[in-house]
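Pasting work24.tsv here (TSV, C-alpha atoms):
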chain	number	residue	atom	x	y	z
A	1	MET	CA	0.00	0.00	0.00
A	2	SER	CA	1.49	3.31	-1.06
A	3	SER	CA	2.12	6.02	1.47
A	4	ILE	CA	0.99	9.60	1.17
A	5	SER	CA	3.65	12.24	1.48
A	6	PHE	CA	2.94	15.82	2.49
A	7	PRO	CA	4.88	18.79	1.30
A	8	ASN	CA	5.57	20.13	4.82
A	9	ASP	CA	6.78	16.78	6.15
A	10	SER	CA	10.44	17.66	5.91
A	11	MET	CA	9.87	21.01	7.66
A	12	ALA	CA	7.99	19.33	10.53
A	13	SER	CA	10.78	16.82	11.03
A	14	ARG	CA	13.32	19.62	11.17
A	15	ASN	CA	11.24	21.57	13.68
A	16	SER	CA	10.85	18.49	15.85
A	17	ASP	CA	14.59	17.99	15.84
A	18	VAL	CA	15.08	21.58	16.83
A	19	HIS	CA	12.56	21.23	19.66
A	20	GLN	CA	14.18	18.02	20.81
A	21	ASP	CA	17.58	19.66	20.83
A	22	GLN	CA	16.09	22.60	22.74
A	23	TYR	CA	14.35	20.62	25.48
A	24	TYR	CA	16.65	17.63	25.71
A	25	SER	CA	20.15	18.97	25.57
A	26	PRO	CA	23.04	16.59	26.37
A	27	SER	CA	23.67	18.40	29.63
A	28	PHE	CA	20.15	17.59	30.76
A	29	ASP	CA	20.22	14.00	29.46
A	30	ASN	CA	23.33	13.29	31.45
A	31	SER	CA	21.46	14.03	34.72
A	32	SER	CA	20.32	11.41	37.17
A	33	PHE	CA	17.02	10.86	35.40
A	34	GLN	CA	15.59	11.07	31.84
A	35	MET	CA	12.18	12.13	30.63
A	36	ASN	CA	10.21	10.40	27.87
A	37	PRO	CA	10.82	12.37	24.67
A	38	HIS	CA	7.42	11.30	23.32
A	39	SER	CA	5.60	12.72	26.36
A	40	SER	CA	2.74	15.04	25.54
A	41	HIS	CA	3.94	17.52	28.19
A	42	PRO	CA	7.71	17.80	27.98
A	43	PRO	CA	9.44	19.57	30.87
A	44	ARG	CA	10.49	23.18	30.73
A	45	THR	CA	13.98	24.15	29.90
A	46	PRO	CA	16.03	24.02	33.13
A	47	ARG	CA	17.39	27.43	33.94
A	48	THR	CA	20.96	28.05	34.75
A	49	SER	CA	21.66	28.62	38.46
A	50	ILE	CA	21.88	32.28	39.30
A	51	ILE	CA	24.35	31.62	42.11
A	52	ALA	CA	26.59	29.51	39.86
A	53	SER	CA	26.55	32.06	37.04
A	54	SER	CA	27.09	35.01	39.31
A	55	SER	CA	30.57	36.34	38.98
A	56	HIS	CA	30.35	38.57	42.07
A	57	THR	CA	32.72	37.59	44.85
A	58	TYR	CA	31.91	38.72	48.38
A	59	GLY	CA	34.71	40.24	50.32
A	60	GLY	CA	35.69	39.55	53.90
A	61	SER	CA	34.14	42.80	55.19
A	62	ILE	CA	30.73	41.19	55.57
A	63	TYR	CA	32.04	38.47	57.83
A	64	GLU	CA	34.14	40.93	59.76
A	65	THR	CA	31.12	43.11	60.59
A	66	LYS	CA	29.14	40.08	61.80
A	67	GLU	CA	32.00	38.99	64.02
A	68	GLU	CA	32.26	42.50	65.42
A	69	VAL	CA	28.54	42.48	66.28
A	70	GLU	CA	28.84	39.08	67.91
A	71	GLU	CA	31.87	40.22	69.88
A	72	LYS	CA	29.96	43.29	71.11
A	73	VAL	CA	27.05	41.15	72.22
A	74	ASP	CA	29.37	38.75	73.99
A	75	VAL	CA	31.06	41.61	75.85
A	76	GLU	CA	27.71	42.95	77.04
A	77	ASP	CA	26.63	39.49	78.16
A	78	MET	CA	29.90	39.02	80.00
A	79	GLU	CA	29.37	42.29	81.87
A	80	ILE	CA	25.94	41.16	83.06
A	81	ASP	CA	27.31	37.75	84.03
A	82	ASP	CA	30.16	39.39	85.95
A	83	GLU	CA	27.69	41.50	87.92
A	84	GLU	CA	25.65	38.42	88.81
A	85	ASP	CA	28.78	36.54	89.87
A	86	LYS	CA	29.91	39.44	92.04
A	87	THR	CA	26.50	39.63	93.69
A	88	LYS	CA	26.48	35.90	94.43
A	89	ASP	CA	30.00	36.03	95.85
A	90	ALA	CA	29.09	39.01	98.04
A	91	GLU	CA	25.99	37.21	99.35
A	92	LYS	CA	28.13	34.23	100.35
A	93	ARG	CA	30.43	36.51	102.31
A	94	ILE	CA	27.57	37.85	104.44
A	95	SER	CA	26.80	35.68	107.47
A	96	ARG	CA	23.68	35.65	109.61
A	97	GLU	CA	25.63	36.82	112.63
A	98	GLU	CA	26.71	39.96	110.78
A	99	VAL	CA	23.13	40.76	109.82
A	100	TRP	CA	21.87	40.27	113.39
A	101	ARG	CA	24.72	42.47	114.61
A	102	GLU	CA	23.59	45.25	112.29
A	103	MET	CA	20.00	44.74	113.39
A	104	SER	CA	20.91	44.97	117.08
A	105	LEU	CA	22.51	48.39	116.49
A	106	SER	CA	19.08	49.92	115.82
A	107	SER	CA	16.19	50.23	118.25
A	108	ASN	CA	13.87	48.71	115.66
A	109	GLY	CA	16.07	45.61	115.41
A	110	ARG	CA	16.24	45.18	119.19
A	111	ASP	CA	12.46	45.61	119.32
A	112	LYS	CA	12.01	42.74	116.86
A	113	ALA	CA	14.42	40.52	118.82
A	114	PHE	CA	12.61	41.22	122.11
A	115	LYS	CA	9.25	40.65	120.43
A	116	LEU	CA	10.36	37.22	119.25
A	117	ILE	CA	11.47	36.30	122.77
A	118	GLN	CA	8.34	37.73	124.39
A	119	TYR	CA	5.78	35.91	122.26
A	120	SER	CA	7.84	32.73	122.18
A	121	ILE	CA	7.57	32.71	125.97
A	122	ARG	CA	3.83	33.35	125.82
A	123	VAL	CA	3.27	30.52	123.33
A	124	GLY	CA	5.43	28.22	125.44
A	125	LEU	CA	3.40	29.06	128.54
A	126	LEU	CA	0.18	28.32	126.64
A	127	PHE	CA	1.44	24.86	125.73
A	128	HIS	CA	2.55	24.33	129.32
A	129	PHE	CA	-0.85	25.26	130.75
A	130	SER	CA	-2.68	23.10	128.19
A	131	LEU	CA	-0.50	20.09	129.05
A	132	THR	CA	-0.71	20.52	132.81
A	133	SER	CA	-4.48	20.87	132.64
A	134	SER	CA	-4.90	17.62	130.68
A	135	ARG	CA	-6.02	14.40	132.37
A	136	LEU	CA	-2.66	12.69	132.06
A	137	LEU	CA	-0.57	15.45	133.66
A	138	ARG	CA	-3.19	17.02	135.94
A	139	ARG	CA	-2.13	17.24	139.58
A	140	PRO	CA	-3.79	18.78	142.61
A	141	THR	CA	-0.63	20.77	143.34
A	142	ARG	CA	2.27	21.67	141.10
A	143	PRO	CA	5.91	21.38	142.22
A	144	PRO	CA	7.34	24.59	143.72
A	145	TRP	CA	10.16	24.80	141.16
A	146	GLU	CA	7.61	24.62	138.32
A	147	VAL	CA	5.49	27.39	139.80
A	148	SER	CA	8.60	29.52	140.28
A	149	ILE	CA	9.70	29.05	136.65
A	150	VAL	CA	6.24	29.92	135.35
A	151	LYS	CA	6.13	33.12	137.40
A	152	ARG	CA	9.57	34.16	136.22
A	153	LEU	CA	8.65	33.54	132.58
A	154	GLU	CA	5.46	35.58	132.95
A	155	SER	CA	7.45	38.39	134.56
A	156	THR	CA	10.02	38.21	131.76
A	157	ALA	CA	7.34	38.46	129.08
A	158	SER	CA	5.76	41.46	130.80
A	159	GLY	CA	9.14	43.13	131.24
A	160	LEU	CA	10.02	42.60	127.58
A	161	SER	CA	6.72	44.19	126.56
A	162	PHE	CA	7.50	47.29	128.61
A	163	THR	CA	11.10	47.37	127.31
A	164	ARG	CA	9.82	47.34	123.75
A	165	LYS	CA	7.63	50.34	124.50
A	166	LEU	CA	10.67	52.19	125.81
A	167	LEU	CA	12.64	51.35	122.68
A	168	LEU	CA	9.88	52.82	120.52
A	169	LEU	CA	9.83	56.17	122.31
A	170	PHE	CA	10.19	59.28	120.12
A	171	ASN	CA	9.09	57.42	117.02
A	172	TRP	CA	6.98	60.49	116.22
A	173	LEU	CA	10.17	62.27	115.11
A	174	HIS	CA	10.21	60.39	111.81
A	175	PRO	CA	6.77	61.53	110.58
A	176	LEU	CA	7.41	64.99	112.06
A	177	THR	CA	10.57	65.44	110.00
A	178	ALA	CA	8.68	64.30	106.90
A	179	ILE	CA	6.05	66.97	107.54
A	180	MET	CA	8.65	69.64	108.31
A	181	ALA	CA	10.44	68.85	105.05
A	182	GLN	CA	7.31	69.93	103.17
A	183	GLN	CA	7.24	73.24	105.01
A	184	THR	CA	10.29	74.62	103.17
A	185	VAL	CA	9.07	73.69	99.67
A	186	PRO	CA	8.88	76.86	97.48
A	187	PHE	CA	5.56	77.86	96.02
A	188	SER	CA	7.04	78.38	92.54
A	189	SER	CA	9.93	76.69	90.81
A	190	GLU	CA	10.91	80.01	89.18
A	191	GLN	CA	11.98	81.48	92.52
A	192	SER	CA	15.65	81.54	93.37
A	193	THR	CA	17.10	79.42	96.14
A	194	GLU	CA	17.60	82.44	98.40
A	195	LYS	CA	13.95	83.43	98.16
A	196	ALA	CA	12.88	79.83	98.57
A	197	LYS	CA	14.71	79.61	101.86
A	198	LYS	CA	12.88	82.66	103.15
A	199	VAL	CA	9.43	81.52	102.04
A	200	GLN	CA	8.03	78.95	104.47
A	201	LYS	CA	4.54	77.62	104.91
A	202	PRO	CA	2.94	77.94	108.34
A	203	PHE	CA	3.35	74.80	110.45
A	204	LEU	CA	-0.40	74.39	110.94
A	205	HIS	CA	-0.93	74.70	107.19
A	206	THR	CA	1.74	72.05	106.59
A	207	VAL	CA	0.20	69.67	109.13
A	208	LEU	CA	-3.27	70.04	107.67
A	209	TYR	CA	-2.02	69.35	104.14
A	210	ALA	CA	0.22	66.46	105.14
A	211	PRO	CA	-0.54	62.98	103.71
A	212	PRO	CA	-3.09	61.18	105.92
A	213	PRO	CA	-0.87	58.09	106.52
A	214	VAL	CA	1.99	60.30	107.73
A	215	LEU	CA	-0.31	62.33	109.95
A	216	LEU	CA	-1.84	59.14	111.36
A	217	GLU	CA	1.64	57.79	112.11
A	218	LEU	CA	2.50	60.99	113.97
A	219	VAL	CA	-0.64	60.88	116.13
A	220	HIS	CA	-0.22	57.15	116.79
A	221	ALA	CA	3.40	57.49	117.92
A	222	ALA	CA	2.56	60.46	120.15
A	223	ALA	CA	-0.34	58.62	121.84
A	224	ASP	CA	1.85	55.57	122.34
A	225	ASP	CA	4.50	57.74	124.01
A	226	PHE	CA	1.90	59.27	126.37
A	227	ALA	CA	0.78	55.78	127.42
A	228	THR	CA	4.42	54.79	128.07
A	229	TRP	CA	5.09	57.92	130.15
A	230	SER	CA	2.00	57.07	132.17
A	231	ARG	CA	3.34	53.58	132.92
A	232	LEU	CA	6.59	55.18	134.03
A	233	GLY	CA	4.64	57.34	136.48
A	234	LEU	CA	5.18	60.71	134.84
A	235	LEU	CA	1.54	61.05	133.82
A	236	GLY	CA	-1.73	60.08	135.46
A	237	LYS	CA	-3.09	56.56	135.24
A	238	LYS	CA	-6.45	57.55	133.73
A	239	PHE	CA	-4.74	59.73	131.15
A	240	GLY	CA	-2.43	56.84	130.27
A	241	GLU	CA	-5.34	54.43	129.82
A	242	ARG	CA	-7.10	56.88	127.50
A	243	ALA	CA	-3.90	57.41	125.55
A	244	ALA	CA	-3.42	53.64	125.22
A	245	ARG	CA	-7.02	53.26	124.04
A	246	PHE	CA	-6.54	56.02	121.47
A	247	SER	CA	-3.25	54.44	120.37
A	248	ASP	CA	-5.01	51.12	119.73
A	249	TRP	CA	-7.58	52.85	117.52
A	250	CYS	CA	-4.78	54.58	115.59
A	251	TRP	CA	-3.06	51.21	115.20
A	252	LEU	CA	-6.27	49.70	113.81
A	253	LEU	CA	-6.71	52.53	111.29
A	254	ALA	CA	-3.03	52.41	110.30
A	255	THR	CA	-3.29	48.67	109.71
A	256	LEU	CA	-6.33	49.11	107.46
A	257	VAL	CA	-4.56	51.87	105.52
A	258	GLY	CA	-1.51	49.64	105.17
A	259	LEU	CA	-3.63	46.81	103.76
A	260	VAL	CA	-5.14	49.15	101.16
A	261	GLU	CA	-1.72	50.47	100.14
A	262	ASN	CA	-0.38	46.94	99.98
A	263	GLY	CA	-3.18	45.89	97.65
A	264	VAL	CA	-2.51	48.83	95.32
A	265	GLU	CA	1.22	48.10	95.23
A	266	ARG	CA	0.61	44.43	94.47
A	267	GLN	CA	-1.63	45.36	91.54
A	268	MET	CA	1.11	47.58	90.13
A	269	ILE	CA	3.75	44.88	90.59
A	270	ASP	CA	1.50	42.28	88.93
A	271	GLY	CA	1.06	44.56	85.91
A	272	LEU	CA	4.80	45.11	85.60
A	273	GLN	CA	5.42	41.37	85.95
A	274	ALA	CA	2.97	40.61	83.15
A	275	GLU	CA	4.60	43.22	80.90
A	276	VAL	CA	8.14	41.91	81.42
A	277	ALA	CA	6.98	38.29	81.08
A	278	ASN	CA	5.31	39.10	77.75
A	279	ARG	CA	8.52	40.66	76.47
A	280	LEU	CA	10.51	37.60	77.48
A	281	TYR	CA	7.95	35.29	75.84
A	282	THR	CA	8.06	37.29	72.60
A	283	GLU	CA	11.84	37.19	72.58
A	284	SER	CA	11.90	33.45	73.20
A	285	MET	CA	9.41	32.80	70.39
A	286	THR	CA	11.39	34.83	67.84
A	287	GLY	CA	14.50	32.77	68.59
A	288	ALA	CA	18.15	33.69	68.32
A	289	THR	CA	18.18	35.84	65.16
A	290	ALA	CA	20.41	38.65	63.99
A	291	LYS	CA	17.94	41.18	65.44
A	292	SER	CA	17.66	39.49	68.84
A	293	LYS	CA	19.22	41.24	71.81
A	294	PRO	CA	20.61	38.87	74.45
A	295	LYS	CA	21.44	41.76	76.76
A	296	THR	CA	17.83	42.97	76.71
A	297	SER	CA	16.58	39.47	77.45
A	298	LYS	CA	18.95	39.11	80.40
A	299	LEU	CA	17.98	42.51	81.74
A	300	ASP	CA	14.31	41.58	81.46
A	301	ALA	CA	14.96	38.31	83.27
A	302	LYS	CA	16.77	40.20	86.01
A	303	GLU	CA	13.95	42.70	86.27
A	304	LEU	CA	11.39	39.91	86.44
A	305	SER	CA	13.24	38.22	89.31
A	306	ARG	CA	13.40	41.56	91.13
A	307	LEU	CA	9.67	42.12	90.69
A	308	ARG	CA	8.91	38.60	91.91
A	309	LYS	CA	11.04	39.17	94.98
A	310	GLN	CA	9.27	42.47	95.63
A	311	ASP	CA	5.88	40.79	95.25
A	312	TYR	CA	6.98	38.09	97.70
A	313	TRP	CA	7.83	40.64	100.37
A	314	LEU	CA	4.57	42.45	99.70
A	315	GLN	CA	2.77	39.20	100.46
A	316	VAL	CA	4.80	38.87	103.67
A	317	THR	CA	3.81	42.43	104.61
A	318	ARG	CA	0.16	41.64	103.91
A	319	ALA	CA	0.28	38.57	106.16
A	320	LYS	CA	1.93	40.61	108.92
A	321	LEU	CA	-0.72	43.33	108.64
A	322	LEU	CA	-3.47	40.72	108.87
A	323	MET	CA	-1.91	39.37	112.09
A	324	ASP	CA	-1.75	42.91	113.47
A	325	LEU	CA	-5.39	43.46	112.52
A	326	ILE	CA	-6.50	40.36	114.42
A	327	PHE	CA	-4.35	41.29	117.42
A	328	VAL	CA	-5.52	44.89	117.71
A	329	SER	CA	-9.17	43.93	117.10
A	330	TYR	CA	-9.12	41.97	120.36
A	331	GLU	CA	-7.85	45.09	122.14
A	332	VAL	CA	-10.14	47.64	120.52
A	333	PHE	CA	-13.37	45.64	120.54
A	334	ASN	CA	-12.60	43.92	123.87
A	335	LEU	CA	-13.06	40.39	122.55
A	336	GLN	CA	-12.70	37.68	125.22
A	337	ARG	CA	-13.11	34.34	123.46
A	338	GLY	CA	-9.67	32.77	123.07
A	339	LYS	CA	-8.07	36.13	123.74
A	340	GLU	CA	-4.74	34.99	125.18
A	341	THR	CA	-4.29	32.16	122.68
A	342	VAL	CA	-5.09	34.27	119.62
A	343	LYS	CA	-2.97	37.20	120.79
A	344	ALA	CA	0.00	34.94	121.53
A	345	PHE	CA	-0.02	33.17	118.17
A	346	THR	CA	-0.76	36.27	116.08
A	347	GLY	CA	1.90	38.20	117.98
A	348	LEU	CA	4.50	35.49	117.38
A	349	THR	CA	3.59	35.22	113.68
A	350	ALA	CA	3.80	38.99	113.24
A	351	ALA	CA	7.16	39.01	115.06
A	352	ILE	CA	8.58	36.34	112.73
A	353	LEU	CA	7.36	38.07	109.58
A	354	SER	CA	8.51	41.54	110.60
A	355	SER	CA	11.90	40.19	111.70
A	356	ALA	CA	12.33	38.43	108.35
A	357	LYS	CA	11.59	41.69	106.53
A	358	LEU	CA	14.04	43.65	108.66
A	359	PHE	CA	16.65	40.91	108.26
A	360	ASP	CA	16.38	41.08	104.47
A	361	ARG	CA	16.60	44.88	104.55
A	362	HIS	CA	19.80	44.87	106.60
A	363	LYS	CA	21.24	42.11	104.42
A	364	SER	CA	20.57	44.19	101.31
A	365	THR	CA	22.30	47.17	102.95
A	366	LEU	CA	25.36	45.07	103.73
A	367	LEU	CA	25.35	43.68	100.18
A	368	LYS	CA	25.33	47.18	98.69
A	369	THR	CA	28.18	48.20	100.99
A	370	ILE	CA	30.30	45.25	99.92
A	371	LEU	CA	29.58	45.79	96.21
A	372	SER	CA	30.39	49.50	96.40
A	373	SER	CA	33.67	48.87	98.24
A	374	SER	CA	34.82	46.16	95.82
Could you write out this file's structure as structure tokens?
Amino acid sequence: MSSISFPNDSMASRNSDVHQDQYYSPSFDNSSFQMNPHSSHPPRTPRTSIIASSSHTYGGSIYETKEEVEEKVDVEDMEIDDEEDKTKDAEKRISREEVWREMSLSSNGRDKAFKLIQYSIRVGLLFHFSLTSSRLLRRPTRPPWEVSIVKRLESTASGLSFTRKLLLLFNWLHPLTAIMAQQTVPFSSEQSTEKAKKVQKPFLHTVLYAPPPVLLELVHAAADDFATWSRLGLLGKKFGERAARFSDWCWLLATLVGLVENGVERQMIDGLQAEVANRLYTESMTGATAKSKPKTSKLDAKELSRLRKQDYWLQVTRAKLLMDLIFVSYEVFNLQRGKETVKAFTGLTAAILSSAKLFDRHKSTLLKTILSSS
């Protein structure tokens, strides 16, 4: 059977050869795989690599700048690490005896030490009375040496209470100096220092415009001093009882004000903690990139630990204020049910918490002294 030839047959064969040479070059056929040349959808022409064809050669300046940035970051990190190491070494050098020595130099520290001893004795006497009144240890008469020891312990607790009141005399000077400091404040910042020294507010005006917590502290300390002078015999007994009663009411109000201020401070600290924690979380999610700042992350971590420590001591202060509130409520409202037991345990708890706060404060002062001297 004869075949039919077309006039454009030779041209089509040439075009197909050209297409085959275009899509299936020897460089592509020598690859790891081959495509079917009779496929209805032949692959596209593979493009030459831009990186391979690029004739641009990068100099060493790029790598030098990156190394310089890394070196700068490392130096900053080393400075922060050195500060942390110095702080830890300084904390190890501070002993408990040194802190208690610094505490004993102040009247407030001696007051806390005597308060711990006083209420420890009262709690111990409560346990003693509860055991001796039980069925197992109940006796018609107690040994003379036991009665003598109990009387001496009761006298010691009472004497420590009076000694603490003497140590707290003239505490009204602190709020008074704070009020007097506001008396010399100039009315306008444009005035010169010489005119500002001459212009002073009247004392009564300064007292009336003083912050209520400071004014309450002044009145409380003054009433407490009057009650102490009465116990010493310098003032009348009835006047001393009224002053003690008024001092208890001031203590109650000051405790309530302290609880409100503590709540406000804790809200502020919680907000700052959340802000710093969000920054740290964002930095940790982005990862270690060229734009990341290790120094900022370490500073945020340090700030977060400081805020957590501050919040911890605010919680300690809140617990101490609650113990004071329970204690003074028994005095002000003349509650009788479980009076001695509640007052002994709340007094001891408040003594432990306040002593821990003062201990940490003196330890921080010693730490700053050591770091500044080194």
To one decimal in Å, tell me the separation between CA of Lys343 (chain A) and CA of Ala244 (chain A).
-> 17.0 Å
Taking (2.6, 24.1, 132.8) in the file's coordinates as the center, which residues reach within 10 Å of it, counting all atoms listed in the file, put as a list of chain:residue names?
->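 It turns out the residues near that spot are A:Gly124, A:Leu125, A:Leu126, A:Phe127, A:His128, A:Phe129, A:Ser130, A:Leu131, A:Thr132, A:Ser133, A:Leu137, A:Arg138, A:Arg142, A:Glu146, A:Val147, A:Ile149, A:Val150.
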Might you pull out every residue within 7 Å of Leu116 (chain A), with only C-alpha atoms counted and same-chain residues fewer than 4 positions away left off, and present them as a list of chain:residue names?
-> A:Lys112, A:Ser120, A:Leu348, A:Ala351, A:Ile352
Can you work out the spacing between CA of Gln315 (chain A) and CA of Val260 (chain A) in Å, to one decimal?
->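 Separation of CA of Gln315 (chain A) and CA of Val260 (chain A): 12.7 Å.
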Excluding same-chain residues fewer than 6 positions from Met268 (chain A), what lies within 12 Å of it counting only C-alpha atoms, as a list in words?
-> Glu261, Asn262, Ala274, Glu275, Leu307, Gln310, Asp311 and Leu314 of chain A
Do a neighbour search on region 177-182 of chain A at 7 Å with all atoms listed in the file, toss out local chain neighbours closer than 4 positions, and write the hits as a PDB file with C-alpha atoms, in the coordinates of the input.
ATOM      1  CA  LEU A 173      10.170  62.270 115.110  1.00  0.00           C
ATOM      2  CA  THR A 206       1.740  72.050 106.590  1.00  0.00           C
ATOM      3  CA  VAL A 207       0.200  69.670 109.130  1.00  0.00           C
ATOM      4  CA  ALA A 210       0.220  66.460 105.140  1.00  0.00           C
TER       5      ALA A 210
END
A straight line from CA of Asp360 (chain A) to CA of Thr341 (chain A) spans 29.0 Å
Neighbours of Arg361 (chain A) within 12 Å (only C-alpha atoms; same-chain residues fewer than 2 positions away dropped), as a ChimeraX atom specification?
-> /A:99-100,102-103,109,310,313,354-359,363-368
Written selection (C-alpha atoms) as a compact mmCIF listing (two decimals), in the coordinates of the input:
# COMPACT_ATOMS: atom_id res chain seq x y z
CA VAL A 99 23.13 40.76 109.82
CA TRP A 100 21.87 40.27 113.39
CA GLU A 102 23.59 45.25 112.29
CA MET A 103 20.00 44.74 113.39
CA GLY A 109 16.07 45.61 115.41
CA GLN A 310 9.27 42.47 95.63
CA TRP A 313 7.83 40.64 100.37
CA SER A 354 8.51 41.54 110.60
CA SER A 355 11.90 40.19 111.70
CA ALA A 356 12.33 38.43 108.35
CA LYS A 357 11.59 41.69 106.53
CA LEU A 358 14.04 43.65 108.66
CA PHE A 359 16.65 40.91 108.26
CA LYS A 363 21.24 42.11 104.42
CA SER A 364 20.57 44.19 101.31
CA THR A 365 22.30 47.17 102.95
CA LEU A 366 25.36 45.07 103.73
CA LEU A 367 25.35 43.68 100.18
CA LYS A 368 25.33 47.18 98.69
Any idea what's packed within 12 Å of Lys86 (chain A), counting only C-alpha atoms, ignoring anything in its chain fewer than 6 positions away? Could you give it as a ChimeraX atom specification?
-> /A:79-80,92-93,367-368,370-374
Using 3 Å of padding on each side, determine the axis-aligned box around all atoms of region 151-162 of chain A present in the file and give its centre and edge lengths in Å to one decimal, as AutoDock Vina command-line options.
--center_x 7.7 --center_y 40.2 --center_z 132.0 --size_x 10.6 --size_y 20.2 --size_z 16.8
Which residue gives the smallest distance to Asp225 (chain A) among A:Leu167, A:Val123, A:Leu176, A:Val342, with all atoms listed in the file counted?
->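 Closest residue, counting all atoms listed in the file: A:Leu167.
Distances to Glu154 (chain A) were evaluated for A:Ser247, A:Gln183, A:Gln118, A:Thr282 using only C-alpha atoms, and the minimum falls at A:Gln118.
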Would you please work out which residue, of A:Ala227, A:Ser155, A:Lys302, A:Gly240, is nearest to Glu83 (chain A) when using only C-alpha atoms?
->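 The closest residue to Glu83 (chain A) is A:Lys302.
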